[in-house]
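Peer 1: Take a look at the following structure, please.
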Amino acid sequence: CTGLRSLGIKSQPRQLLGRLPGVTIREMNGAEECCGFGGTFSVKFGEISAAIAERKCDNIRAALANGGDAIVGGDLGCLLNIEGKLRRMGDATPVLHIAEVLAGPDGR
């Protein structure tokens, strides 16, 4: 979110991931929509935040049903919120920061 909205980072991570062998990028519906975290928003407006997160995770699960092994993002707050909601929904899909993917399986 911060990268996209504040810094204009959108195509750069996709370009980096696209250069990796064996990596296919599939965009989900609503990829640029909020996950509901928003710092204190999730605390102040818990019910609204949870509903937004559920909608986001529904879109993620629909995208994964069409093929996909992991969720990759660049904002730690969003990734933590998404992973937490997915786990509460019974979904164990890996949720990764782009740096983890770029580092490769051995972390280098």
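Order determines the names: the first chain of the structure tokens is A, the second B, and so forth; residues in each chain are numbered 1 upward, and ligands are numbered 1 upward as they are shown.
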What are the closest atom pairs, with distances in Å to one decimal, for all residues of stretch 31-107 of chain A lying within 9 Å of stretch 7-20 of chain A? Consider only C-alpha atoms, order rows by chain and residue number, and present the result as a Markdown table.
Peer 2:
```
| residue | atom | partner | partner_atom | distance |
| --- | --- | --- | --- | --- |
| A:Gly73 | CA | A:Pro13 | CA | 8.7 |
| A:Gly74 | CA | A:Pro13 | CA | 8.1 |
| A:Ile98 | CA | A:Pro13 | CA | 7.4 |
| A:Val101 | CA | A:Leu17 | CA | 7.9 |
| A:Leu102 | CA | A:Leu17 | CA | 7.1 |
```
Peer 1: Please report, as a list in words, each residue of chain A to which DSSP assigns strand (DSSP E) when run on this structure's backbone.
Peer 2: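 Filtering chain A to strand (DSSP E) leaves Ile71, Val72, Gly73, Val95, Leu96 and His97 of chain A.
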Peer 1: If you count only C-alpha atoms, which residues fall within 8 Å of A:Asn81, apart from same-chain ones fewer than 5 positions away, as JSON, numbers by chain?
Peer 2: {"A": [35, 36, 37, 53]}
Peer 1: Could you please take those selected residues and save all heavy atoms as a PDB file, in the first residue's frame?
Peer 2:
```pdb
ATOM      1  N   CYS A  35      -6.441  -4.028   2.031  1.00  0.00           N
ATOM      2  CA  CYS A  35      -6.628  -5.298   2.748  1.00  0.00           C
ATOM      3  C   CYS A  35      -7.340  -5.086   4.078  1.00  0.00           C
ATOM      4  O   CYS A  35      -7.655  -6.040   4.774  1.00  0.00           O
ATOM      5  CB  CYS A  35      -5.280  -5.961   2.997  1.00  0.00           C
ATOM      6  SG  CYS A  35      -4.296  -5.168   4.294  1.00  0.00           S
ATOM      7  N   GLY A  36      -7.553  -3.826   4.464  1.00  0.00           N
ATOM      8  CA  GLY A  36      -8.259  -3.544   5.703  1.00  0.00           C
ATOM      9  C   GLY A  36      -7.380  -3.251   6.893  1.00  0.00           C
ATOM     10  O   GLY A  36      -7.874  -2.932   7.964  1.00  0.00           O
ATOM     11  N   PHE A  37      -6.060  -3.341   6.721  1.00  0.00           N
ATOM     12  CA  PHE A  37      -5.174  -3.123   7.867  1.00  0.00           C
ATOM     13  C   PHE A  37      -5.048  -1.635   8.179  1.00  0.00           C
ATOM     14  O   PHE A  37      -5.557  -1.171   9.184  1.00  0.00           O
ATOM     15  CB  PHE A  37      -3.805  -3.762   7.620  1.00  0.00           C
ATOM     16  CG  PHE A  37      -2.860  -3.594   8.773  1.00  0.00           C
ATOM     17  CD1 PHE A  37      -3.113  -4.221   9.983  1.00  0.00           C
ATOM     18  CD2 PHE A  37      -1.723  -2.818   8.659  1.00  0.00           C
ATOM     19  CE1 PHE A  37      -2.252  -4.072  11.056  1.00  0.00           C
ATOM     20  CE2 PHE A  37      -0.857  -2.665   9.717  1.00  0.00           C
ATOM     21  CZ  PHE A  37      -1.119  -3.291  10.911  1.00  0.00           C
ATOM     22  N   ALA A  53     -10.771  -7.273   4.813  1.00  0.00           N
ATOM     23  CA  ALA A  53      -9.781  -8.355   4.747  1.00  0.00           C
ATOM     24  C   ALA A  53     -10.405  -9.629   4.186  1.00  0.00           C
ATOM     25  O   ALA A  53      -9.780 -10.343   3.392  1.00  0.00           O
ATOM     26  CB  ALA A  53      -9.176  -8.612   6.124  1.00  0.00           C
TER      27      ALA A  53
END
```
Peer 1: From chain A, collect each residue whose DSSP state is alpha helix (DSSP H) and return the set as an MDAnalysis selection string.
Peer 2: chainID A and resid 7 11:18 41:44 46:65 76:88 98:103
Peer 1: When you count only C-alpha atoms, which of these residues is closest to A:Thr93: A:Ala70, A:Asp106, A:Asp75, A:Phe41?
Peer 2: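 Once distances to A:Thr93 are computed over only C-alpha atoms, the minimum belongs to A:Ala70.
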Peer 1: Would you please work out which residue, of A:Lys85, A:Leu80, A:Val23, A:Asp69, is nearest to A:Ala51 when using only C-alpha atoms?
Peer 2: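 Of the candidates, the smallest distance to A:Ala51 is held by A:Lys85.
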Peer 1: Could you check the closest approach to A:Ile82 for each of A:Arg26, A:Lys56, A:Arg61, A:His97 and tell me which residue wins, using only C-alpha atoms?
Peer 2: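 Distance minimum relative to A:Ile82 lands on A:Lys56.
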